[in-house]
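Read the structure below first, then the notes.
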Amino acid sequence: MSWYDGAKRDLPWRETKDPYCIWLSEIILQQTRVDQGMPYYERFVAVFPTVHDLANATEDEVLKLWEGLGYYSRARNLHATAKFVAVELDGKFPSTHEGLLALKGIGPYTAAAIGSIAFNLAAAAVDGNVYRVLARFYGISASIDDTSTKNEISRLANEIVTEERAGDHNQAMMELGATVCTPKQPSCKVCPLSVACAAYRLGLQSALPVRTKKTKVRERFFYYTIHLVDGQVPLKRRGDGDIWHGLYEFPLFESDCRLSEQDLIDKLVSNNQLLSISEEYKHILSHQRILGQFLVLSGSTRPEGNYTWVNVNDLSKFALPRLLNRYLEKSFFVINEEVSNL
């Protein structure tokens, strides 16, 4: 705690005990680095200063503000929980661990983090940082991918959480893992726990924690057609059951293998005029690698399906996957020029 008091980073959610703000920060920081999540937190608090403001927003407004952060189920759960808290709980977050766990999108770690920071509940918040710190500190050689090992580390974490400053204790543990006891090249010389750390004593920092499961990455090939008709392009909202649920995209053809330029022309151009084919864009997700290309077309043959036709200049109003935004950031003015030349 002495180390944390002197070394902690100056973060806006550490300046409040408001459970709404703490909940926002915890949901945003799931699967997200602090430097990446900070501007999103600041935008959400500015646009939706209370849980009622967030509850009254449309899903499109929430997804647009979340755009680029990934794992969009977090945003939909965030919105659903805001509506539940605003309507069913009169805008007041539960002050018990069980009550927090009952909210959509909140698991044991998030419930412990919110509960300890906002309400000083003495429950350990155990995330990847804490698993790593404690596996090294206690010299745990069993794989942290095993449920039994995770349960043992959670038990140890709850044994050492302090009731007096539970929220600060949890943040100190997470801060230590994020800034000192890092996955690679930990800064053991400045670590306040090194004097009693088993991994440091035995020189096992790089060997611990042990992981045995390897993530299988699925490769997918997305080919988008951007049909230009009277300065408009078609968009469709993605359904559930797949990535990017609720976001908008251009007409999509997905292939199980990479297609040649001639294959794309044969399959997708039809009676239209091909204006351009983009380079291949790569988008990496935790279990998937998306490889995308964009074909800009003009002509009278429209894509089949229920599309919303949007003015090219209004594309920025829609929540789009990062893959599409990367293409538009590079090619938007090219598309505009093609529109003006039609």
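By convention here, the chains of the structure tokens are called A, B, ... in the order presented, each chain's residues are numbered starting at 1, and ligands are numbered starting at 1 in the order presented.
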
>> With only C-alpha atoms as the counted atoms, please give the residues lying no more than 12 Å from Lys150 of chain A, apart from itself and same-chain residues fewer than 4 positions off, as a ChimeraX atom specification.
In response: /A:126-128,130-132,134-135,140-146,154-157,209-211

Would you mind listing what lies within 12 Å of Trp3 of chain A as a PDB file with N, CA and C atoms, in the first residue's frame, with only C-alpha atoms counted and same-chain residues fewer than 4 positions away left out?
```pdb
ATOM      1  N   ALA A   7       3.281   5.492  -6.044  1.00  0.00           N
ATOM      2  CA  ALA A   7       3.578   5.164  -7.446  1.00  0.00           C
ATOM      3  C   ALA A   7       2.359   5.111  -8.350  1.00  0.00           C
ATOM      4  N   LYS A   8       1.164   5.183  -7.807  1.00  0.00           N
ATOM      5  CA  LYS A   8      -0.036   4.985  -8.633  1.00  0.00           C
ATOM      6  C   LYS A   8      -0.158   6.064  -9.712  1.00  0.00           C
ATOM      7  N   ARG A   9      -0.691   5.636 -10.846  1.00  0.00           N
ATOM      8  CA  ARG A   9      -0.928   6.560 -11.946  1.00  0.00           C
ATOM      9  C   ARG A   9      -2.126   7.453 -11.644  1.00  0.00           C
ATOM     10  N   ASP A 168      -8.389   0.297  -2.565  1.00  0.00           N
ATOM     11  CA  ASP A 168      -6.998   0.643  -2.851  1.00  0.00           C
ATOM     12  C   ASP A 168      -6.133  -0.610  -2.950  1.00  0.00           C
ATOM     13  N   HIS A 169      -6.428  -1.616  -2.118  1.00  0.00           N
ATOM     14  CA  HIS A 169      -5.673  -2.866  -2.180  1.00  0.00           C
ATOM     15  C   HIS A 169      -5.816  -3.502  -3.567  1.00  0.00           C
ATOM     16  N   GLN A 171      -6.703  -2.105  -6.381  1.00  0.00           N
ATOM     17  CA  GLN A 171      -6.065  -1.276  -7.403  1.00  0.00           C
ATOM     18  C   GLN A 171      -4.540  -1.369  -7.321  1.00  0.00           C
ATOM     19  N   ALA A 172      -4.017  -1.529  -6.102  1.00  0.00           N
ATOM     20  CA  ALA A 172      -2.568  -1.669  -5.947  1.00  0.00           C
ATOM     21  C   ALA A 172      -2.073  -2.962  -6.581  1.00  0.00           C
ATOM     22  N   MET A 173      -2.823  -4.044  -6.395  1.00  0.00           N
ATOM     23  CA  MET A 173      -2.442  -5.321  -6.990  1.00  0.00           C
ATOM     24  C   MET A 173      -2.464  -5.233  -8.515  1.00  0.00           C
ATOM     25  N   GLU A 175      -2.269  -2.480 -10.309  1.00  0.00           N
ATOM     26  CA  GLU A 175      -1.251  -1.516 -10.723  1.00  0.00           C
ATOM     27  C   GLU A 175       0.131  -2.163 -10.746  1.00  0.00           C
ATOM     28  N   LEU A 176       0.390  -3.006  -9.763  1.00  0.00           N
ATOM     29  CA  LEU A 176       1.681  -3.695  -9.704  1.00  0.00           C
ATOM     30  C   LEU A 176       1.864  -4.593 -10.931  1.00  0.00           C
ATOM     31  N   VAL A 180       4.766  -3.005 -13.072  1.00  0.00           N
ATOM     32  CA  VAL A 180       6.018  -3.545 -12.531  1.00  0.00           C
ATOM     33  C   VAL A 180       6.154  -5.040 -12.847  1.00  0.00           C
ATOM     34  N   VAL A 190      12.593  -2.813  -8.544  1.00  0.00           N
ATOM     35  CA  VAL A 190      11.807  -1.756  -7.884  1.00  0.00           C
ATOM     36  C   VAL A 190      10.499  -2.296  -7.318  1.00  0.00           C
ATOM     37  N   CYS A 191      10.334  -3.607  -7.346  1.00  0.00           N
ATOM     38  CA  CYS A 191       9.081  -4.199  -6.879  1.00  0.00           C
ATOM     39  C   CYS A 191       9.047  -4.259  -5.355  1.00  0.00           C
ATOM     40  N   PRO A 192       7.969  -3.791  -4.739  1.00  0.00           N
ATOM     41  CA  PRO A 192       7.885  -3.811  -3.279  1.00  0.00           C
ATOM     42  C   PRO A 192       7.730  -5.219  -2.703  1.00  0.00           C
ATOM     43  N   LEU A 193       7.423  -6.206  -3.562  1.00  0.00           N
ATOM     44  CA  LEU A 193       7.231  -7.576  -3.086  1.00  0.00           C
ATOM     45  C   LEU A 193       8.423  -8.483  -3.365  1.00  0.00           C
TER      46      LEU A 193
END
```

(request) Would you please extract all helix (DSSP H, G or I) residues from segment 112-329 of chain A, as assigned by DSSP on the backbone, and give them as a count of residues only? (result) 81

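In this structure, atom CA of Arg76 of chain A sits 26.3 Å away from atom CA of Tyr223 of chain A.
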
Quick check for you: according to DSSP on this backbone, which residues of segment 110-245 of chain A are classed as strand (DSSP E or B)? Reply as a PyMOL selection string. chain A and resi 218-229+232-237

Grab the residues selected above and save them as a JSON list (two decimals), in the first residue's frame with N, CA and C atoms.
```
[["chain", "number", "residue", "atom", "x", "y", "z"],
["A", 218, "ARG", "N", -8.91, -18.40, -36.10],
["A", 218, "ARG", "CA", -9.63, -18.70, -37.34],
["A", 218, "ARG", "C", -9.40, -17.58, -38.34],
["A", 219, "GLU", "N", -9.10, -17.94, -39.57],
["A", 219, "GLU", "CA", -8.86, -16.94, -40.61],
["A", 219, "GLU", "C", -10.09, -16.81, -41.49],
["A", 220, "ARG", "N", -10.54, -15.54, -41.70],
["A", 220, "ARG", "CA", -11.74, -15.27, -42.50],
["A", 220, "ARG", "C", -11.42, -14.21, -43.54],
["A", 221, "PHE", "N", -12.05, -14.34, -44.70],
["A", 221, "PHE", "CA", -11.80, -13.41, -45.81],
["A", 221, "PHE", "C", -13.10, -12.67, -46.13],
["A", 222, "PHE", "N", -13.09, -11.35, -45.89],
["A", 222, "PHE", "CA", -14.26, -10.50, -46.09],
["A", 222, "PHE", "C", -14.05, -9.64, -47.34],
["A", 223, "TYR", "N", -15.00, -9.69, -48.26],
["A", 223, "TYR", "CA", -14.94, -8.87, -49.47],
["A", 223, "TYR", "C", -16.19, -7.98, -49.51],
["A", 224, "TYR", "N", -15.95, -6.68, -49.39],
["A", 224, "TYR", "CA", -17.05, -5.70, -49.34],
["A", 224, "TYR", "C", -17.19, -5.01, -50.69],
["A", 225, "THR", "N", -18.45, -4.81, -51.11],
["A", 225, "THR", "CA", -18.73, -4.03, -52.31],
["A", 225, "THR", "C", -19.39, -2.72, -51.92],
["A", 226, "ILE", "N", -18.81, -1.63, -52.38],
["A", 226, "ILE", "CA", -19.34, -0.29, -52.09],
["A", 226, "ILE", "C", -20.01, 0.20, -53.38],
["A", 227, "HIS", "N", -21.34, 0.09, -53.43],
["A", 227, "HIS", "CA", -22.09, 0.47, -54.63],
["A", 227, "HIS", "C", -22.42, 1.96, -54.56],
["A", 228, "LEU", "N", -21.91, 2.72, -55.51],
["A", 228, "LEU", "CA", -22.18, 4.15, -55.56],
["A", 228, "LEU", "C", -23.36, 4.41, -56.50],
["A", 229, "VAL", "N", -24.44, 4.91, -55.93],
["A", 229, "VAL", "CA", -25.63, 5.24, -56.70],
["A", 229, "VAL", "C", -26.13, 6.61, -56.26],
["A", 232, "GLN", "N", -24.89, 7.84, -53.01],
["A", 232, "GLN", "CA", -25.25, 7.05, -51.84],
["A", 232, "GLN", "C", -24.61, 5.67, -51.91],
["A", 233, "VAL", "N", -24.48, 5.04, -50.72],
["A", 233, "VAL", "CA", -23.96, 3.68, -50.62],
["A", 233, "VAL", "C", -24.87, 2.87, -49.70],
["A", 234, "PRO", "N", -24.95, 1.55, -49.90],
["A", 234, "PRO", "CA", -25.82, 0.72, -49.07],
["A", 234, "PRO", "C", -25.11, 0.26, -47.79],
["A", 235, "LEU", "N", -25.86, 0.26, -46.68],
["A", 235, "LEU", "CA", -25.37, -0.25, -45.40],
["A", 235, "LEU", "C", -26.41, -1.20, -44.83],
["A", 236, "LYS", "N", -25.92, -2.19, -44.09],
["A", 236, "LYS", "CA", -26.82, -3.11, -43.39],
["A", 236, "LYS", "C", -26.25, -3.36, -42.00],
["A", 237, "ARG", "N", -27.15, -3.45, -41.01],
["A", 237, "ARG", "CA", -26.71, -3.74, -39.64],
["A", 237, "ARG", "C", -26.42, -5.24, -39.50]]
```

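Comparing A:Ala111, A:Ala102, A:Leu291, A:Ile27 by their smallest distance to Trp66 of chain A, the closest is A:Ile27 (using only C-alpha atoms).
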
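Distance annotation: of A:Leu295, A:Met1, A:Leu54, A:Val161, the residue with the minimal separation from Lys267 of chain A is A:Leu295; atom set is only C-alpha atoms.
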
Nearest to Leu89 of chain A, restricted to only C-alpha atoms and choosing among A:Pro108, A:Val51, A:Ala124, A:Ala178, comes out as A:Val51

Residues of segment 156-267 of chain A within 10 Å of segment 322-325 of chain A: nearest atom pair and distance (Å, one decimal) for each, counting only C-alpha atoms, sorted by chain and number, as JSON lines?
```
{"residue": "A:Tyr224", "atom": "CA", "partner": "A:Leu324", "partner_atom": "CA", "distance": 9.1}
{"residue": "A:Trp244", "atom": "CA", "partner": "A:Arg322", "partner_atom": "CA", "distance": 9.5}
{"residue": "A:Tyr248", "atom": "CA", "partner": "A:Leu324", "partner_atom": "CA", "distance": 9.4}
{"residue": "A:Glu249", "atom": "CA", "partner": "A:Leu324", "partner_atom": "CA", "distance": 7.4}
{"residue": "A:Phe250", "atom": "CA", "partner": "A:Leu324", "partner_atom": "CA", "distance": 8.6}
```

Please dump the current selection as an mmCIF file, in the first residue's frame; keep C-alpha atoms.
```cif
data_model
loop_
_atom_site.group_PDB
_atom_site.id
_atom_site.type_symbol
_atom_site.label_atom_id
_atom_site.label_comp_id
_atom_site.auth_asym_id
_atom_site.auth_seq_id
_atom_site.Cartn_x
_atom_site.Cartn_y
_atom_site.Cartn_z
ATOM 1 C CA TYR A 224 -17.045 -5.698 -49.339
ATOM 2 C CA TRP A 244 -19.544 -6.851 -34.722
ATOM 3 C CA TYR A 248 -23.191 -1.385 -39.893
ATOM 4 C CA GLU A 249 -21.313 -2.628 -42.942
ATOM 5 C CA PHE A 250 -21.342 -2.595 -46.741
#
```

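Nearest residue to Ile284 of chain A among A:Glu67, A:Ile243, A:Gln36, A:Gly177 is A:Ile243, counting only C-alpha atoms.
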
### Message
Give me the residues near segment 197-205 of chain A as a list of chain:residue names, where near means some atom within 7 Å (using only C-alpha atoms) and where sequence neighbours in that chain fewer than 6 positions away do not count.
### Response
A:Arg136, A:Phe137, A:Tyr138, A:Gly139
